[in-house]
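**Student:** Dropping the structure in here first, questions after.
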Amino acid sequence: MLVHFPLVFLSLVALSLASPLRFIGHINHRNHNSAVTVQPVLRSLNSSTGPSSSMTPTSSVTTTTTSQAPTGTSSPSVSSKYVIAHFMVGNSYPYTVDNWLSDIVLAHSSGIDGFALNVGVDTWQPSQVANAYQAALQSGTGFKLFMSFDMSSLPCTTASDAATLRTYITTYATHPNQLIYNGRVMASTFSGETCTFGQGSVASGWSTQFVQQLTGSSAVHFVPSFFVDPSQFNTYSGVINGMFNWNSGWPIQVTTSYVSSIPGLLGDIASSLASAASSLLSSVIGSTTTDETYISSLAAMGGGQTYMAAVSPWFFTHYGPSTYNKNWIYLSDEHLYATRWESLINIRDQVDLVEIISWNDYGESHYVGPIEGAQPMSQAWVDGNDHTGWLNLTVLLRLRIQNRNISHSGQRPAHNVVASTFCLSFCVERSSWKANQLPNYNVWAVVLATSPATVVLSTSSSQSQTFNVPAGVSKLAVPIQPGGTMQGTLTRGGQTVIDLQATGLHF
């Protein structure tokens, strides 16, 4: 059984007094992969509660990757480079407008431009969507919203089923906070590749019952997440305006079968091949192969198709057959969140939108927003595990993908802002792993520094490592010790800038 400790994040911000902080700014999900069968894989940062006291320390693993702070000054196009967070409306049952407002203000101040509102079949969800739009308007931030129809929940076998989708679009098409993309109402999906809406084919169903019936101010820019082979995208010519690559957020090809084929990943991670194996996994996590496949397939369709990529910090879900029967994980080591962002930054000219998975999908453990609302029976691996530390990374990485200068962005952090920032996450597992799984006992750290500094990461009173980090983003890792905890310090010029200690947590 896995053990998940909370993400711990501390940022020290130096702001000019003249420039205060300024706010500008699921359970039905089943992951699909047309090429690879999803299997339980490796290990995740998330799991049920309770620390283990019977773990064996691994060999020392240190990964340091540094990039300089962004210096670009160009502004993003108003029709591209949006950073969106996937919001599970199904987890918002007790929300009030004030709850929505709080989330919107937090998301916007964290560099997120809008929410993709994942809606399912529940009859109360339209009321919560209305609350979301009201709160977005009330926030005064210009925060954008658009519908993401969860077709693993919504029915789509008859023509009348499409009416529900069209009603959402027409109701909010002219709302000031509706995301308008390329002059049309932005709309997306989770799944939908089997929906016919009573027509002879999937393409005909979506075309005649959805796209063609929405005209004028309600005309849609349709960028669904259909889980089909990209070579089949042309099947939807004239129906879609692009595609959302949902599974690009994780290295989903890293299954137990994949791991068993890599020398050095079986058995003792302290073997001489462990370093090479770790490097191979790092290259998988940093790969943009799936992005490039989508991009080239969309380009072959012509007409300026939109590519929306996914980024996610991790994935863990643990439902038994008596509930949702979802029980697998995706590899989330090797600084997945920061690395995925950096990979997208490298191809940002080809990426139109980025969707963070997710703001509040507690059931799959990849939430970056606060824990609130109605959990989908995920309390065992969610309660007490705050993930909002990811938001401080998001605000900076979002600016980089938009090729914007952090110092003049007008967003938090602003001006002289980030003196230094730490993001440390814990990954622990019990000793019950089989030989074909990867026991990688590490603390992963991301350091954002405005100038060179010294970082010391400690996992016990006798176990620490020292790193000299330059200005920019540095990714570090240190092994954990049984019974130990985590501490990180950053010093510069003999002065301690950050002293981060995790109290009450033990490996």
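Naming works like this for the structure tokens: A, B, ... for the chains as they're shown, residue 1 at the start of each chain, ligands 1 onward in shown order.
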Mind checking which residues fall within 10 Å of Val284 (chain A), counting only C-alpha atoms, ignoring those fewer than 6 positions away in the same chain, and posting them as a list in words?
**Tutor:**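 Skipping anything fewer than 6 positions along the chain leaves Trp250, Pro251, Ile252, Gln253, Val254, Ser278 and Glu334 of chain A.
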**Student:** Nearest to Val446 (chain A) among A:Ser378, A:Asn403, A:Thr293, A:Thr339, with distances taken over only C-alpha atoms: which residue is it?
**Tutor:**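 Of A:Ser378, A:Asn403, A:Thr293, A:Thr339, the one nearest Val446 (chain A) is A:Thr339, counting only C-alpha atoms.
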**Student:** I want to know what sits within 10 Å of Pro94 (chain A), based on only C-alpha atoms, with residues of the same chain fewer than 6 positions away left out; could you give that as a PyMOL selection string?
**Tutor:** chain A and resi 128+372-374
**Student:** Excluding Gly140 (chain A) and its own-chain neighbours fewer than 2 positions away, which residues fall within 12 Å of it when counting only C-alpha atoms? Please give them as a list in words.
**Tutor:**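 Contacts, in chain order: Phe23, Ile24, Gly25, Leu101, Ile104, Val105, His108, Tyr133, Gln134, Ala135, Ala136, Leu137, Gln138, Gly142, Phe143, Lys144, Pro176 and Asn177 of chain A.
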**Student:** Please extract the residues of region 275-314 of chain A with a backbone DSSP assignment of alpha helix (DSSP H) and present them as a list in words.
**Tutor:** Ser275, Ala276, Ala277, Ser278, Ser279, Leu280, Leu281, Ser282, Ser283, Val284, Ile285, Thr289, Thr290, Asp291, Glu292, Thr293, Tyr294, Ile295, Ser296, Ser297, Leu298, Ala299, Ala300 and Met301 of chain A
**Student:** Using only C-alpha atoms, determine which residues lie at most 10 Å from region 233-242 of chain A, disregarding the query and same-chain residues fewer than 3 positions distant; provide the list as number ranges by chain.
**Tutor:** A: 182, 186-188, 202-208, 210-212, 220-226, 228-230, 245, 294-295, 297-308, 352
**Student:** I need the residue nearest Leu165 (chain A) from this list: A:Thr141, A:Thr194, A:Gln209, A:Gln465. Use only C-alpha atoms for the distance.
**Tutor:**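 Result for the nearest residue to Leu165 (chain A): A:Gln209.
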**Student:** Tell me which protein, DNA and RNA residues are within 10 Å of Ser358 (chain A), counting only C-alpha atoms, leaving out same-chain ones fewer than 6 positions away, and put them as a list in words.
**Tutor:**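 Here the qualifying residues turn out to be His26, Ile84, Ala85, His86, Phe87, Met88, Phe115, Ala116, Ala310, Val311, Ser312, Pro313, Trp314, Glu364, Ser365, His366, Tyr367, Val368 and Gly369 of chain A.
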**Student:** Within 12 Å of Ala163 (chain A), counting only C-alpha atoms, which residues qualify if same-chain residues fewer than 2 places away don't, as an MDAnalysis selection string?
**Tutor:** chainID A and resid 154:161 165:171 197 206 208:211 213:214
**Student:** Could you tell me how far CA of Tyr362 (chain A) lies from CA of Pro376 (chain A), in Å and to one decimal?
**Tutor:**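 Those two atoms sit 7.2 Å apart.
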**Student:** Determine which residues of region 157-389 of chain A receive a DSSP assignment of strand (DSSP E or B), computed from the backbone, and state them as JSON, numbers by chain.
**Tutor:** {"A": [178, 180, 181, 184, 185, 186, 187, 188, 189, 190, 220, 221, 222, 242, 243, 244, 245, 306, 307, 308, 309, 310, 311, 315, 316, 317, 318, 327, 328, 329, 330, 353, 354, 355, 356]}
**Student:** Any chance you could export the current selection's N, CA, C and O atoms as a CSV table (one decimal), in the first residue's frame?
**Tutor:**
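Writing done, so here's result-v1.csv:
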```csv
chain,number,residue,atom,x,y,z
A,178,GLN,N,-17.6,33.8,-20.6
A,178,GLN,CA,-17.5,32.6,-21.5
A,178,GLN,C,-16.2,32.8,-22.3
A,178,GLN,O,-15.9,33.8,-22.9
A,180,ILE,N,-14.3,32.7,-25.4
A,180,ILE,CA,-14.5,32.8,-26.9
A,180,ILE,C,-13.2,32.6,-27.6
A,180,ILE,O,-12.2,33.3,-27.3
A,181,TYR,N,-13.1,31.5,-28.4
A,181,TYR,CA,-11.8,31.2,-29.0
A,181,TYR,C,-12.0,31.2,-30.5
A,181,TYR,O,-12.9,30.6,-31.0
A,184,ARG,N,-15.5,32.0,-31.5
A,184,ARG,CA,-16.6,31.1,-31.3
A,184,ARG,C,-16.6,30.6,-29.8
A,184,ARG,O,-15.6,30.8,-29.1
A,185,VAL,N,-17.7,30.0,-29.4
A,185,VAL,CA,-17.8,29.6,-28.0
A,185,VAL,C,-17.0,28.3,-27.8
A,185,VAL,O,-17.2,27.3,-28.5
A,186,MET,N,-16.0,28.4,-26.9
A,186,MET,CA,-15.1,27.2,-26.7
A,186,MET,C,-15.9,26.1,-26.0
A,186,MET,O,-16.7,26.3,-25.1
A,187,ALA,N,-15.8,24.9,-26.5
A,187,ALA,CA,-16.4,23.7,-25.9
A,187,ALA,C,-15.5,22.5,-26.1
A,187,ALA,O,-14.8,22.4,-27.0
A,188,SER,N,-15.5,21.6,-25.1
A,188,SER,CA,-14.7,20.5,-25.0
A,188,SER,C,-15.4,19.3,-24.5
A,188,SER,O,-16.6,19.4,-24.1
A,189,THR,N,-14.7,18.1,-24.4
A,189,THR,CA,-15.4,17.0,-23.8
A,189,THR,C,-14.3,16.2,-23.0
A,189,THR,O,-13.1,16.4,-23.2
A,190,PHE,N,-14.8,15.2,-22.2
A,190,PHE,CA,-14.0,14.1,-21.8
A,190,PHE,C,-14.7,12.9,-22.4
A,190,PHE,O,-15.9,12.6,-22.2
A,220,VAL,N,-19.8,27.0,-32.1
A,220,VAL,CA,-18.8,26.5,-31.2
A,220,VAL,C,-17.5,26.3,-31.8
A,220,VAL,O,-17.4,26.0,-33.0
A,221,HIS,N,-16.4,26.5,-31.0
A,221,HIS,CA,-15.1,26.0,-31.4
A,221,HIS,C,-14.9,24.8,-30.6
A,221,HIS,O,-14.6,24.8,-29.4
A,222,PHE,N,-15.0,23.6,-31.3
A,222,PHE,CA,-15.1,22.3,-30.6
A,222,PHE,C,-13.8,21.6,-30.6
A,222,PHE,O,-13.2,21.2,-31.6
A,242,GLY,N,-10.2,21.0,-33.4
A,242,GLY,CA,-9.0,20.7,-32.7
A,242,GLY,C,-9.2,19.5,-31.8
A,242,GLY,O,-10.2,18.8,-31.8
A,243,MET,N,-8.2,19.2,-31.0
A,243,MET,CA,-8.3,18.0,-30.1
A,243,MET,C,-7.5,18.3,-28.8
A,243,MET,O,-6.5,19.0,-28.8
A,244,PHE,N,-8.1,17.8,-27.7
A,244,PHE,CA,-7.5,17.9,-26.4
A,244,PHE,C,-6.8,16.5,-26.1
A,244,PHE,O,-7.5,15.5,-26.1
A,245,ASN,N,-5.6,16.5,-25.9
A,245,ASN,CA,-4.8,15.3,-25.6
A,245,ASN,C,-4.8,15.0,-24.1
A,245,ASN,O,-3.8,15.3,-23.4
A,306,THR,N,-6.8,23.5,-33.6
A,306,THR,CA,-6.3,23.8,-32.2
A,306,THR,C,-5.8,22.6,-31.5
A,306,THR,O,-6.5,21.6,-31.4
A,307,TYR,N,-4.6,22.7,-30.9
A,307,TYR,CA,-4.1,21.7,-30.1
A,307,TYR,C,-4.1,22.1,-28.6
A,307,TYR,O,-3.5,23.1,-28.2
A,308,MET,N,-4.7,21.3,-27.8
A,308,MET,CA,-4.8,21.6,-26.3
A,308,MET,C,-4.1,20.4,-25.6
A,308,MET,O,-4.5,19.3,-25.7
A,309,ALA,N,-3.0,20.7,-24.9
A,309,ALA,CA,-2.2,19.7,-24.2
A,309,ALA,C,-2.6,19.7,-22.7
A,309,ALA,O,-3.2,20.6,-22.2
A,310,ALA,N,-2.2,18.6,-22.1
A,310,ALA,CA,-2.5,18.4,-20.7
A,310,ALA,C,-1.3,18.4,-19.9
A,310,ALA,O,-0.2,18.0,-20.3
A,311,VAL,N,-1.4,18.9,-18.6
A,311,VAL,CA,-0.3,18.8,-17.7
A,311,VAL,C,-0.9,18.4,-16.3
A,311,VAL,O,-2.0,18.9,-16.0
A,315,PHE,N,-1.1,10.9,-10.6
A,315,PHE,CA,-2.4,10.2,-10.8
A,315,PHE,C,-2.4,9.0,-9.9
A,315,PHE,O,-1.5,8.1,-10.0
A,316,PHE,N,-3.4,8.9,-9.0
A,316,PHE,CA,-3.6,7.7,-8.2
A,316,PHE,C,-5.1,7.6,-7.9
A,316,PHE,O,-5.8,8.6,-7.6
A,317,THR,N,-5.6,6.5,-8.1
A,317,THR,CA,-7.0,6.2,-7.8
A,317,THR,C,-7.2,4.8,-7.2
A,317,THR,O,-6.5,3.9,-7.7
A,318,HIS,N,-8.1,4.6,-6.3
A,318,HIS,CA,-8.1,3.4,-5.5
A,318,HIS,C,-9.5,3.0,-5.1
A,318,HIS,O,-9.8,2.9,-4.0
A,327,ASN,N,-8.7,1.4,-10.1
A,327,ASN,CA,-7.6,1.2,-9.2
A,327,ASN,C,-6.3,1.1,-10.0
A,327,ASN,O,-5.8,0.0,-10.3
A,328,TRP,N,-5.7,2.2,-10.3
A,328,TRP,CA,-4.4,2.2,-10.9
A,328,TRP,C,-3.6,3.5,-10.6
A,328,TRP,O,-4.2,4.5,-10.1
A,329,ILE,N,-2.4,3.6,-11.0
A,329,ILE,CA,-1.6,4.7,-10.8
A,329,ILE,C,-0.7,5.0,-12.1
A,329,ILE,O,-0.5,4.1,-12.9
A,330,TYR,N,-0.3,6.2,-12.3
A,330,TYR,CA,0.7,6.5,-13.3
A,330,TYR,C,2.0,7.0,-12.6
A,330,TYR,O,1.9,7.7,-11.6
A,353,LEU,N,-3.4,25.8,-26.2
A,353,LEU,CA,-3.9,25.9,-24.9
A,353,LEU,C,-3.3,24.7,-24.0
A,353,LEU,O,-2.9,23.7,-24.6
A,354,VAL,N,-3.2,25.0,-22.7
A,354,VAL,CA,-2.8,24.0,-21.8
A,354,VAL,C,-3.9,23.8,-20.8
A,354,VAL,O,-4.4,24.8,-20.2
A,355,GLU,N,-4.3,22.6,-20.5
A,355,GLU,CA,-5.3,22.3,-19.5
A,355,GLU,C,-4.6,21.5,-18.3
A,355,GLU,O,-4.1,20.4,-18.6
A,356,ILE,N,-4.7,22.1,-17.2
A,356,ILE,CA,-4.2,21.4,-16.0
A,356,ILE,C,-5.2,20.4,-15.5
A,356,ILE,O,-6.4,20.7,-15.2
```
